[in-house]
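Read through the structure below, which is laid out as structure tokens, and then see the notes.
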There are 4 protein chains.
Amino acid sequence: KLRVILQLICPDRPALVSELSGWVAVNGGNILHADHHTDVGAGLFLSRIEFGIEGFGLPREAIAPAVNALADRLGGQAQLHFSDEIPRVAIFASKQSHCLLDLLWRTRSGELPMQVPLVIANHSQLEPLCREFGVCFECVPMTPASKPEAEQTMLDLLAEHRIELVVLAKYMQVLSGAFLERFPTVINIHHSFLPAFKGAQPYHRAWDRGVKVIGATAHYVTEDLDDGPIIEQTIEHVNHRDEVEDLIRKGRDTERLALARALRLHLCRQVMVYRGRTAVFA
Amino acid sequence: KLRVILQLICPDRPALVSELSGWVAVNGGNILHADHHTDVGAGLFLSRIEFGIEGFGLPREAIAPAVNALADRLGGQAQLHFSDEIPRVAIFASKQSHCLLDLLWRTRSGELPMQVPLVIANHSQLEPLCREFGVCFECVPMTPASKPEAEQTMLDLLAEHRIELVVLAKYMQVLSGAFLERFPTVINIHHSFLPAFKGAQPYHRAWDRGVKVIGATAHYVTEDLDDGPIIEQTIEHVNHRDEVEDLIRKGRDTERLALARALRLHLCRQVMVYRGRTAVFA
Amino acid sequence: KLRVILQLICPDRPALVSELSGWVAVNGGNILHADHHTDVGAGLFLSRIEFGIEGFGLPREAIAPAVNALADRLGGQAQLHFSDEIPRVAIFASKQSHCLLDLLWRTRSGELPMQVPLVIANHSQLEPLCREFGVCFECVPMTPASKPEAEQTMLDLLAEHRIELVVLAKYMQVLSGAFLERFPTVINIHHSFLPAFKGAQPYHRAWDRGVKVIGATAHYVTEDLDDGPIIEQTIEHVNHRDEVEDLIRKGRDTERLALARALRLHLCRQVMVYRGRTAVFA
Amino acid sequence: KLRVILQLICPDRPALVSELSGWVAVNGGNILHADHHTDVGAGLFLSRIEFGIEGFGLPREAIAPAVNALADRLGGQAQLHFSDEIPRVAIFASKQSHCLLDLLWRTRSGELPMQVPLVIANHSQLEPLCREFGVCFECVPMTPASKPEAEQTMLDLLAEHRIELVVLAKYMQVLSGAFLERFPTVINIHHSFLPAFKGAQPYHRAWDRGVKVIGATAHYVTEDLDDGPIIEQTIEHVNHRDEVEDLIRKGRDTERLALARALRLHLCRQVMVYRGRTAVFA
């Protein structure tokens with residue numbers, strides 16, 4: 001059955017839950033899940049309400065305007081999603097297949113409510129895998145010199161395929177600020193336990209430091225590399241017998257898991273981003 | 001600041017969130033946390049609402065009757081707690097000190113919002129520990145023959161100390177159905193990953209089975225031993241080098257943690273029990 | 001470089017490490033890893049020694065006889081493996097693809113040192129997946145009546161493909177004792193935290209019990225269903241919001257991981273089985 | 001029964017295991033545990049051998065010289081411990097009691113094979129706790145100006161009590177290089193997942209960053225703050241509902257666990273330190 005997910009963030013004040021749930025009730029909606037959070041320090045109220053709209057008093061196309069009016073009145077901002085919208089997602093990759101394969105399989109099996117019409121890579125190795133899954137594969141090589149042009153090509157591909165979300169599945173390139181300005185909704189998997197080992201070669205540096213746990217971090221991409229809002233972090237134990245290649249191997253499992261979980265949370269509209277951080281209503 | 005925690009369970013129908021939050025708002029309360037769950041199979045709606053009552057429209061003593069009337073109207077049941085009520089808790093123990101000491105320390109440090117006026121044990125070893133923490137220690141020995149009388153003594157002690165909750169912190173005796181009928185709110189820590197290794201000597205049996213993970217389960221006590229509603233479960237990895245005594249040693253840490261977490265959840269009124277299970281609004 | 005892995009189990013007595021390592025040294029081998037375990041209760045000594053044989057004093061074909069003579073003298077049993085032997089493994093599956101795909105990908109990527117020449121399933125759905133990975137797929141349907149004949153067909157296929165190890169990757173059939181007598185080396189993934197929830201529908205029963213953690217168990221198969229020696233167990237946290245289908249979904253990740261880890265341990269000859277249990281030299 | 005633990009580190013070459021175990025066997029020792037590791041990159045061989053010396057060919061006082069001669073011949077270094085030596089450990093603390101209490105209880109219960117004759121703190125709050133456990137408590141206040149003198153007082157106390165190991169159990173002062181030069185064996189618990197959040201107030205910074213996991217790191221202390229060899233790391237999940245004080249509260253459990261585990265590993269002589277890292281033979 002069709003459900004609506006309403007995410008709202010606004011300055012905190014009394015009676016907000018009542019106001020929101022009252023608005024749903026008065027229109028004849030039936031709340032299935034409701035979760036709220038008050039960031040006391042920031043003085044902000046965050047709410048996620050999921051409700052059925054069978055017999056709803058407003059036609060579908062009138063719901064968003066009504067919700068925006070409500071949000072305006074509360075001095076906040078709202079996002080509205082319908083459960084029958086299956087987001088169009090592009091995956092960016094380089095040479096490594098583990099995250100890409102994992103996402104394609106989870107999509108095909110129905111675990112991830114998304115469609116993947118497009119994979120972009122700066123190398124050609126992953127083309128056969130994409131062909132097996134019936135996904136359009138575009139190779140867009142990237143050199144420092146060609147970067148502006150290559151990113152333009154990628155933006156054009158995203159527009160052409162009407163992509164709403166980009167997932168960096170071990171894409172070993174840094175997206176420019178210009179790119180992110182034009183396409184801001186990007187989730188990345190970083191192969192360390194941020195903020196430890198920001199930047200390149202985290203497993204090598206983790207080995208050098210002699211850590212006993214490694215991790216992976218799925219986060220929204222911002223212009224400050226590896227500083228975006230964290231959605232999910234996973235960890236794996238290691239010991240002195242593990243060489244760098246063992247860390248890399250063990251890390252693949254924790255990377256896959258962190259990315260898949262974060263992506264599912266995002267797609268189920270369970271993540272709200274504010275002030276450089278996330279509230280995850282799981 | 002004074003807060004009220006309202007827990008309500010009733011048959012599911014539309015507009016319940018609105019009704020509850022509306023009731024809070026109309027009386028001038030300010031919701032700080034609200035969490036709801038619908039058990040679709042059971043057709044039940046569970047709600048936990050925490051709200052401030054500065055300037056509330058009802059005097060404190062009128063809130064419970066009003067809430068009960070509301071619950072009646074919804075065909076459900078409500079529980080009401082005020083944040084300034086610090087429950088009086090008795091801990092039952094035998095010879096092992098790790099859980100008892102942990103709970104006493106957490107109480108003293110403020111981690112667990114409770115008072116412990118009474119410890120009852122069927123052995124005398126833990127008396128000095130209780131004395132250090134200034135807690136009344138009562139030794140009530142227990143044999144099969146003396147059980148009815150001993151349990152009566154314990155019930156008298158609970159009444160005398162106005163105890164609301166009993167915690168079995170490695171109390172190696174089984175409370176009778178008669179006891180539980182008269183004092184039903186009891187939390188136990190079982191030293192296995194229920195439902196694995198119900199009953200006696202779980203670590204020995206875990207070793208015999210050659211498991212690679214052990215665990216602990218904190219649960220409400222029912223007459224069916226080890227079958228009560230589970231609040232929290234924790235685990236610990238083991239390997240072939242671990243002897244039974246290593247399992248017992250490692251187990252102590254996971255027992256302490258499961259029990260302390262479960263108790264805190266209970267004391268913060270984050271646990272709702274229904275149909276032999278729990279919803280934990282954490 | 002070529003390495004030999006020697007696993008030996010024998011009654012415990014002094015000087016065994018010296019005897020074994022002395023034998024390697026005297027023949028000019030270079031020990032890379034050595035790990036030993038004494039099961040004090042059973043009076044057994046278990047040893048795993050991995051050594052390079054560049055310039056070894058014995059020709060390759062003479063090593064096994066020499067090792068067996070050594071084991072005989074110690075009243076024990078030895079197993080010998082060369083690192084350039086890549087085991088031929090058959091995967092049995094039914095309809096679910098997650099474990100099969102995971103194993104095929106890990107094989108292709110080099111994470112699992114094995115070859116998979118054969119997949120057998122009692123349903124046909126997984127044929128396209130096998131074709132993508134270039135693996136021979138044989139559908140052997142199974143009914144109670146056809147079971148003896150079907151198992152014979154499967155045994156013939158195993159012989160024809162010279163299979164050394166069978167992995168049950170969510171194969172929803174029970175192998176008969178007769179099958180196991182003729183082909184004893186089988187690893188299974190059970191979708192619960194054994195010994196909890198032996199038998200059918202563990203996730204449904206886990207939900208009914210209201211557990212807070214689910215798990216998966218990879219074990220060697222014996223005629224007593226779900227009672228074989230455990231190699232690896234993994235867990236996943238769940239809460240009251242998780243329906244049975246969420247347990248199943250979350251369970252898939254923990255199943256994949258437990259099976260892949262157990263299989264790697266087996267293939268790297270890090271597992272020794274004795275008395276219904278395993279020593280895992282990881 | 002009396003056991004000897006021999007730790008040896010030397011340049012890697014063939015036949016080392018044979019040489020060491022042969023030396024034990026020839027003297028009539030019985031190896032109970034033997035574990036070895038080769039750091040291929042560093043070209044180093046590390047070995048830990050635990051053996052019984054009933055009927056050993058050398059008198060107790062001759063074992064160390066013999067072992068040192070063996071180590072010299074191999075160009076390495078050895079450490080020798082007897083299982084009946086119970087190390088004398090001093091605990092340094094400030095105001096927080098959770099780690100101190102945990103260590104004192106584990107010592108009393110026999111989990112940690114050590115004696116604690118001395119606690120030093122720069123504040124007086126923990127004196128009653130130490131008195132309860134019958135431990136000598138010395139308050140040595142610390143200001144920037146008084147630091148040299150205070151550290152001298154502490155060194156004198158360590159000498160007077162014949163202390164072999166210092167454990168910093170939430171001691172909120174930095175030991176100077178001069179102190180460490182004179183007393184180098186110090187274990188610290190840092191309340192973050194190193195190398196993330198080095199330095200002060202890691203929980204505040206973790207909250208600011210919006211991480212989803214916090215951790216604790218037990219490590220040997222070196223002059224470079226928070227850069228010493230890591231022994232153990234533990235983690236705890238957090239979410240957006242957790243305020244800084246919740247991170248601190250949750251962190252206490254993970255700190256206690258990491259410190260207790262690391263200390264036990266050290267006391268059981270399972271840790272070898274080399275090149276700024278540890279091999280943990282657990």
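Residues are named by chain letter and number: chains run A, B, ... in the order of the structure tokens, numbers start at 1 in each chain, and ligands are numbered from 1 in the order shown.
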Extract, using only C-alpha atoms, all DNA, RNA and protein residues at most 12 Å from Phe183 of chain B, discarding same-chain residues fewer than 4 positions from it, and format them as a compact mmCIF listing (two decimals) with N, CA, C and O atoms, in the first residue's frame.
# COMPACT_ATOMS: atom_id res chain seq x y z
N ALA B 90 15.74 -4.10 45.04
CA ALA B 90 16.49 -5.09 45.82
C ALA B 90 17.26 -5.99 44.87
O ALA B 90 16.76 -6.36 43.81
N GLU B 151 11.12 -17.95 51.11
CA GLU B 151 10.51 -16.99 50.18
C GLU B 151 9.58 -16.04 50.92
O GLU B 151 9.48 -14.86 50.56
N GLN B 152 8.90 -16.55 51.94
CA GLN B 152 8.03 -15.66 52.71
C GLN B 152 8.87 -14.60 53.43
O GLN B 152 8.51 -13.42 53.45
N MET B 154 11.66 -13.45 52.41
CA MET B 154 12.11 -12.50 51.39
C MET B 154 10.98 -11.54 51.01
O MET B 154 11.20 -10.33 50.86
N LEU B 155 9.79 -12.06 50.86
CA LEU B 155 8.67 -11.18 50.52
C LEU B 155 8.43 -10.16 51.64
O LEU B 155 8.14 -8.98 51.36
N ASP B 156 8.58 -10.60 52.86
CA ASP B 156 8.43 -9.66 53.98
C ASP B 156 9.49 -8.57 53.92
O ASP B 156 9.20 -7.38 54.15
N LEU B 157 10.71 -8.97 53.64
CA LEU B 157 11.78 -7.98 53.52
C LEU B 157 11.50 -6.99 52.39
O LEU B 157 11.75 -5.78 52.53
N LEU B 158 11.02 -7.50 51.27
CA LEU B 158 10.70 -6.61 50.15
C LEU B 158 9.62 -5.60 50.55
O LEU B 158 9.70 -4.42 50.20
N ALA B 159 8.63 -6.11 51.28
CA ALA B 159 7.55 -5.21 51.70
C ALA B 159 8.09 -4.17 52.68
O ALA B 159 7.82 -2.97 52.55
N ARG B 162 9.90 -1.54 51.06
CA ARG B 162 9.11 -0.92 49.98
C ARG B 162 9.81 -1.04 48.61
O ARG B 162 10.02 -0.07 47.90
N ILE B 163 10.14 -2.28 48.27
CA ILE B 163 10.86 -2.56 47.03
C ILE B 163 9.89 -2.66 45.85
O ILE B 163 8.84 -3.27 45.96
N GLU B 164 10.30 -2.06 44.72
CA GLU B 164 9.45 -2.10 43.52
C GLU B 164 9.96 -3.07 42.47
O GLU B 164 9.23 -3.49 41.58
N LEU B 165 11.24 -3.36 42.53
CA LEU B 165 11.86 -4.18 41.49
C LEU B 165 12.92 -5.06 42.14
O LEU B 165 13.70 -4.58 42.98
N VAL B 166 12.95 -6.33 41.73
CA VAL B 166 14.00 -7.23 42.19
C VAL B 166 14.90 -7.57 41.01
O VAL B 166 14.41 -7.86 39.91
N VAL B 167 16.20 -7.51 41.24
CA VAL B 167 17.17 -7.89 40.21
C VAL B 167 17.93 -9.12 40.69
O VAL B 167 18.53 -9.10 41.77
N LEU B 175 13.00 -18.77 41.62
CA LEU B 175 11.87 -18.25 42.39
C LEU B 175 10.61 -19.04 42.02
O LEU B 175 10.36 -19.34 40.85
N SER B 176 9.81 -19.34 43.02
CA SER B 176 8.60 -20.14 42.77
C SER B 176 7.52 -19.29 42.11
O SER B 176 7.55 -18.05 42.16
N GLY B 177 6.59 -19.98 41.50
CA GLY B 177 5.43 -19.29 40.94
C GLY B 177 4.68 -18.50 42.00
O GLY B 177 4.18 -17.39 41.74
N ALA B 178 4.61 -19.06 43.20
CA ALA B 178 3.91 -18.36 44.28
C ALA B 178 4.59 -17.04 44.60
O ALA B 178 3.93 -16.01 44.80
N PHE B 179 5.93 -17.05 44.63
CA PHE B 179 6.67 -15.82 44.87
C PHE B 179 6.37 -14.80 43.77
O PHE B 179 6.06 -13.63 44.04
N ILE B 187 13.92 -8.94 37.26
CA ILE B 187 14.82 -9.05 36.09
C ILE B 187 15.94 -10.02 36.45
O ILE B 187 16.52 -9.94 37.53
N VAL B 221 11.54 -12.18 34.59
CA VAL B 221 11.36 -13.54 35.08
C VAL B 221 9.89 -13.92 35.01
O VAL B 221 9.01 -13.15 35.40
N THR B 222 9.65 -15.10 34.46
CA THR B 222 8.32 -15.68 34.47
C THR B 222 8.42 -17.06 35.10
O THR B 222 9.53 -17.54 35.38
N GLU B 223 7.28 -17.69 35.29
CA GLU B 223 7.34 -18.98 35.96
C GLU B 223 8.06 -20.02 35.10
O GLU B 223 8.70 -20.93 35.64
Requested in this report: Could you find all residues in segment 15-252 of chain B that DSSP calls helix (DSSP H, G or I) from the backbone, and write them as number ranges by chain?
Outcome: B: 16-26, 60-73, 98-109, 127-132, 147-160, 177-182, 202-209, 244-252
Requested in this report: Could you give me, as a ChimeraX atom specification, the residues within 10 Å of segment 69-71 of chain D, counting only C-alpha atoms and dropping anything in the same chain fewer than 4 positions from it?
Outcome: /D:7-10,19-20,23,63-65,75-79
Shell around Leu80 of chain D at 12 Å using only C-alpha atoms, local window under 3 positions removed, as a short mmCIF file (atom, residue, chain, number, x, y, z; two decimals) with C-alpha atoms, in the first residue's frame:
data_model
loop_
_atom_site.label_atom_id
_atom_site.label_comp_id
_atom_site.auth_asym_id
_atom_site.auth_seq_id
_atom_site.Cartn_x
_atom_site.Cartn_y
_atom_site.Cartn_z
CA ARG D 3 55.53 -22.77 34.26
CA VAL D 4 58.07 -20.68 32.44
CA ILE D 5 57.14 -18.20 29.72
CA LEU D 6 59.89 -17.47 27.26
CA GLN D 7 59.55 -14.60 24.79
CA LEU D 8 62.20 -14.30 22.14
CA SER D 47 58.27 -16.62 19.64
CA ARG D 48 56.41 -17.24 22.87
CA ILE D 49 56.86 -20.61 24.53
CA GLU D 50 55.24 -21.66 27.77
CA PHE D 51 56.63 -24.80 29.33
CA ARG D 60 65.65 -22.23 38.30
CA GLU D 61 68.34 -19.60 38.68
CA ALA D 62 70.30 -21.03 35.75
CA ILE D 63 67.46 -20.80 33.25
CA ALA D 64 67.70 -17.06 32.60
CA PRO D 65 71.44 -17.13 31.87
CA ALA D 66 70.95 -20.11 29.57
CA VAL D 67 68.11 -18.38 27.74
CA ASN D 68 70.12 -15.20 27.37
CA ALA D 71 69.21 -15.37 22.52
CA GLN D 77 66.62 -10.73 22.85
CA SER D 83 54.26 -18.27 36.54
CA GLU D 85 55.91 -14.33 39.99
CA CYS D 268 49.96 -13.42 31.11
CA ARG D 269 53.01 -12.44 29.07
#
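Those residues of chain C that fall within 8 Å of chain B when using only C-alpha atoms read His37, Leu194, Pro195, Ala196, Phe197, Arg209, Gly210, Val211, Lys212, Val213, Pro229, Ile230, Ile231, Glu232, Gln233, Thr234, Asn239, His240, Arg241, Gly276, Arg277, Thr278, Ala279 and Val280 of chain C.
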Requested in this report: Could you tell me how far atom CA of Ala93 of chain B lies from atom CA of Glu111 of chain D, in Å and to one decimal?
Outcome: 19.9 Å
Query raised in the report: Can you list, as a PyMOL selection string, every residue of segment 70-242 of chain D that DSSP puts in strand (DSSP E)?
Result: chain D and resi 77-82+88-93+115-121+136-139+165-168+186-190+213-220+230-237
Output C-alpha atoms of each residue in that selection to a file, as a PDB file, in the first residue's frame.
ATOM      1  CA  GLN D  77      66.624 -10.734  22.850  1.00  0.00           C
ATOM      2  CA  ALA D  78      64.710 -12.864  25.301  1.00  0.00           C
ATOM      3  CA  GLN D  79      62.437 -12.261  28.252  1.00  0.00           C
ATOM      4  CA  LEU D  80      61.787 -14.902  30.850  1.00  0.00           C
ATOM      5  CA  HIS D  81      58.953 -15.090  33.355  1.00  0.00           C
ATOM      6  CA  PHE D  82      57.944 -17.676  35.934  1.00  0.00           C
ATOM      7  CA  ARG D  88      53.605  -5.639  41.711  1.00  0.00           C
ATOM      8  CA  VAL D  89      51.533  -3.024  39.904  1.00  0.00           C
ATOM      9  CA  ALA D  90      50.767   0.588  40.750  1.00  0.00           C
ATOM     10  CA  ILE D  91      47.632   2.225  39.426  1.00  0.00           C
ATOM     11  CA  PHE D  92      47.604   5.949  38.708  1.00  0.00           C
ATOM     12  CA  ALA D  93      44.211   7.651  38.685  1.00  0.00           C
ATOM     13  CA  GLN D 115      49.144  -7.443  43.240  1.00  0.00           C
ATOM     14  CA  VAL D 116      48.303  -3.762  43.655  1.00  0.00           C
ATOM     15  CA  PRO D 117      50.168  -2.438  46.664  1.00  0.00           C
ATOM     16  CA  LEU D 118      49.890   1.214  45.592  1.00  0.00           C
ATOM     17  CA  VAL D 119      47.495   3.690  44.016  1.00  0.00           C
ATOM     18  CA  ILE D 120      48.689   7.197  43.211  1.00  0.00           C
ATOM     19  CA  ALA D 121      46.262   9.972  42.322  1.00  0.00           C
ATOM     20  CA  CYS D 136      47.838   2.121  49.988  1.00  0.00           C
ATOM     21  CA  PHE D 137      46.647   5.421  48.481  1.00  0.00           C
ATOM     22  CA  GLU D 138      49.028   8.280  47.875  1.00  0.00           C
ATOM     23  CA  CYS D 139      47.795  11.657  46.716  1.00  0.00           C
ATOM     24  CA  LEU D 165      54.310  -1.915  36.057  1.00  0.00           C
ATOM     25  CA  VAL D 166      52.274   1.280  36.159  1.00  0.00           C
ATOM     26  CA  VAL D 167      48.724   1.372  34.836  1.00  0.00           C
ATOM     27  CA  LEU D 168      47.163   4.722  34.025  1.00  0.00           C
ATOM     28  CA  VAL D 186      53.409   1.934  31.619  1.00  0.00           C
ATOM     29  CA  ILE D 187      50.024   0.965  30.158  1.00  0.00           C
ATOM     30  CA  ASN D 188      47.426   3.651  29.457  1.00  0.00           C
ATOM     31  CA  ILE D 189      43.770   3.654  28.488  1.00  0.00           C
ATOM     32  CA  HIS D 190      42.869   6.330  25.964  1.00  0.00           C
ATOM     33  CA  VAL D 213      31.001   4.240  16.760  1.00  0.00           C
ATOM     34  CA  ILE D 214      33.209   5.228  19.666  1.00  0.00           C
ATOM     35  CA  GLY D 215      36.083   3.253  21.109  1.00  0.00           C
ATOM     36  CA  ALA D 216      38.868   2.888  23.596  1.00  0.00           C
ATOM     37  CA  THR D 217      42.524   2.013  23.154  1.00  0.00           C
ATOM     38  CA  ALA D 218      44.839   0.400  25.672  1.00  0.00           C
ATOM     39  CA  HIS D 219      48.472   0.994  24.778  1.00  0.00           C
ATOM     40  CA  TYR D 220      51.962   1.182  26.137  1.00  0.00           C
ATOM     41  CA  ILE D 230      48.457  -0.610  20.841  1.00  0.00           C
ATOM     42  CA  ILE D 231      47.520  -3.707  22.842  1.00  0.00           C
ATOM     43  CA  GLU D 232      43.732  -3.747  22.616  1.00  0.00           C
ATOM     44  CA  GLN D 233      40.902  -1.716  21.130  1.00  0.00           C
ATOM     45  CA  THR D 234      37.214  -1.980  21.866  1.00  0.00           C
ATOM     46  CA  ILE D 235      34.240  -0.206  20.360  1.00  0.00           C
ATOM     47  CA  GLU D 236      30.679   0.774  21.131  1.00  0.00           C
ATOM     48  CA  HIS D 237      27.906   1.874  18.807  1.00  0.00           C
TER      49      HIS D 237
END
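With only C-alpha atoms as the atoms that count, the minimum distance from Leu16 of chain A to the choices A:Arg249, A:Leu58, A:Arg73, A:Ile31 is reached by A:Arg73.
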Query raised in the report: Which polymer residues have any atom within 12 Å of an atom of Arg106 of chain D, counting only C-alpha atoms, with same-chain residues fewer than 4 positions away left out, as a VMD selection string?
Result: (chain B and resid 97 to 98 101 to 102 249 to 250 252 to 253) or (chain D and resid 99 to 102 110 to 116 133 256 to 257 259 to 261 263 to 264)
Export of prior selection with N, CA, C and O atoms as a tab-separated table (two decimals), in the first residue's frame:
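Now in part-v1.tsv:
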chain	number	residue	atom	x	y	z
B	97	SER	N	30.31	-12.09	42.98
B	97	SER	CA	30.20	-10.66	43.27
B	97	SER	C	30.15	-9.77	42.03
B	97	SER	O	29.82	-8.59	42.14
B	98	HIS	N	30.49	-10.30	40.86
B	98	HIS	CA	30.75	-9.38	39.75
B	98	HIS	C	29.53	-8.55	39.36
B	98	HIS	O	29.63	-7.36	39.14
B	101	LEU	N	28.56	-6.09	42.46
B	101	LEU	CA	29.46	-4.95	42.57
B	101	LEU	C	29.22	-3.96	41.43
B	101	LEU	O	29.18	-2.75	41.63
B	102	ASP	N	29.05	-4.49	40.25
B	102	ASP	CA	28.83	-3.63	39.08
B	102	ASP	C	27.58	-2.78	39.27
B	102	ASP	O	27.60	-1.57	39.00
B	249	ARG	N	35.00	-16.83	32.85
B	249	ARG	CA	35.62	-15.52	33.05
B	249	ARG	C	35.15	-14.52	32.01
B	249	ARG	O	34.72	-13.41	32.34
B	250	LYS	N	35.22	-14.90	30.73
B	250	LYS	CA	34.76	-13.99	29.68
B	250	LYS	C	33.27	-13.70	29.84
B	250	LYS	O	32.80	-12.60	29.55
B	252	ARG	N	31.58	-13.42	32.53
B	252	ARG	CA	31.28	-12.44	33.56
B	252	ARG	C	31.15	-11.04	32.98
B	252	ARG	O	30.29	-10.26	33.39
B	253	ASP	N	32.02	-10.71	32.02
B	253	ASP	CA	31.95	-9.37	31.42
B	253	ASP	C	30.68	-9.18	30.61
B	253	ASP	O	30.06	-8.11	30.66
D	99	CYS	N	37.56	2.71	36.09
D	99	CYS	CA	38.67	1.80	35.73
D	99	CYS	C	39.38	1.29	36.98
D	99	CYS	O	39.72	0.11	37.07
D	100	LEU	N	39.60	2.16	37.94
D	100	LEU	CA	40.28	1.75	39.16
D	100	LEU	C	39.51	0.65	39.88
D	100	LEU	O	40.07	-0.40	40.24
D	101	LEU	N	38.22	0.88	40.09
D	101	LEU	CA	37.40	-0.12	40.77
D	101	LEU	C	37.42	-1.44	40.01
D	101	LEU	O	37.55	-2.52	40.60
D	102	ASP	N	37.30	-1.33	38.72
D	102	ASP	CA	37.28	-2.54	37.90
D	102	ASP	C	38.57	-3.34	38.06
D	102	ASP	O	38.54	-4.56	38.23
D	110	GLY	N	40.85	-12.61	41.31
D	110	GLY	CA	41.79	-13.53	40.69
D	110	GLY	C	41.83	-13.48	39.17
D	110	GLY	O	42.57	-14.23	38.54
D	111	GLU	N	41.05	-12.59	38.57
D	111	GLU	CA	41.06	-12.51	37.10
D	111	GLU	C	42.37	-11.94	36.57
D	111	GLU	O	42.78	-12.28	35.46
D	112	LEU	N	42.95	-11.04	37.34
D	112	LEU	CA	44.20	-10.41	36.93
D	112	LEU	C	45.32	-10.89	37.85
D	112	LEU	O	45.31	-10.57	39.05
D	113	PRO	N	46.26	-11.64	37.32
D	113	PRO	CA	47.34	-12.16	38.17
D	113	PRO	C	48.36	-11.09	38.52
D	113	PRO	O	49.46	-11.06	37.98
D	114	MET	N	47.97	-10.23	39.45
D	114	MET	CA	48.88	-9.17	39.89
D	114	MET	C	48.55	-8.79	41.32
D	114	MET	O	47.53	-9.18	41.85
D	115	GLN	N	49.44	-8.06	41.96
D	115	GLN	CA	49.14	-7.44	43.24
D	115	GLN	C	49.19	-5.94	43.04
D	115	GLN	O	49.99	-5.43	42.26
D	116	VAL	N	48.34	-5.22	43.75
D	116	VAL	CA	48.30	-3.76	43.65
D	116	VAL	C	48.60	-3.19	45.03
D	116	VAL	O	47.69	-2.92	45.81
D	133	PHE	N	39.54	-1.56	49.58
D	133	PHE	CA	40.26	-2.70	49.01
D	133	PHE	C	41.61	-2.93	49.70
D	133	PHE	O	42.40	-3.75	49.24
D	256	ARG	N	36.85	0.34	30.36
D	256	ARG	CA	37.13	-0.69	31.37
D	256	ARG	C	37.52	-2.01	30.72
D	256	ARG	O	38.46	-2.69	31.15
D	257	LEU	N	36.79	-2.36	29.68
D	257	LEU	CA	37.02	-3.64	29.03
D	257	LEU	C	38.36	-3.67	28.31
D	257	LEU	O	39.12	-4.64	28.41
D	259	LEU	N	41.00	-1.87	28.87
D	259	LEU	CA	42.11	-1.81	29.81
D	259	LEU	C	42.29	-3.16	30.52
D	259	LEU	O	43.41	-3.67	30.64
D	260	ALA	N	41.19	-3.75	30.97
D	260	ALA	CA	41.29	-5.03	31.68
D	260	ALA	C	41.83	-6.13	30.77
D	260	ALA	O	42.65	-6.95	31.17
D	261	ARG	N	41.38	-6.14	29.54
D	261	ARG	CA	41.87	-7.17	28.61
D	261	ARG	C	43.35	-6.98	28.31
D	261	ARG	O	44.12	-7.94	28.28
D	263	LEU	N	45.56	-5.49	30.09
D	263	LEU	CA	46.37	-5.75	31.27
D	263	LEU	C	46.52	-7.25	31.48
D	263	LEU	O	47.61	-7.75	31.79
D	264	ARG	N	45.44	-7.99	31.30
D	264	ARG	CA	45.53	-9.44	31.45
D	264	ARG	C	46.50	-10.04	30.41
D	264	ARG	O	47.30	-10.91	30.73
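Counting from atom CA of Leu267 of chain C, the distance to atom CA of Val26 of chain C is 27.9 Å.
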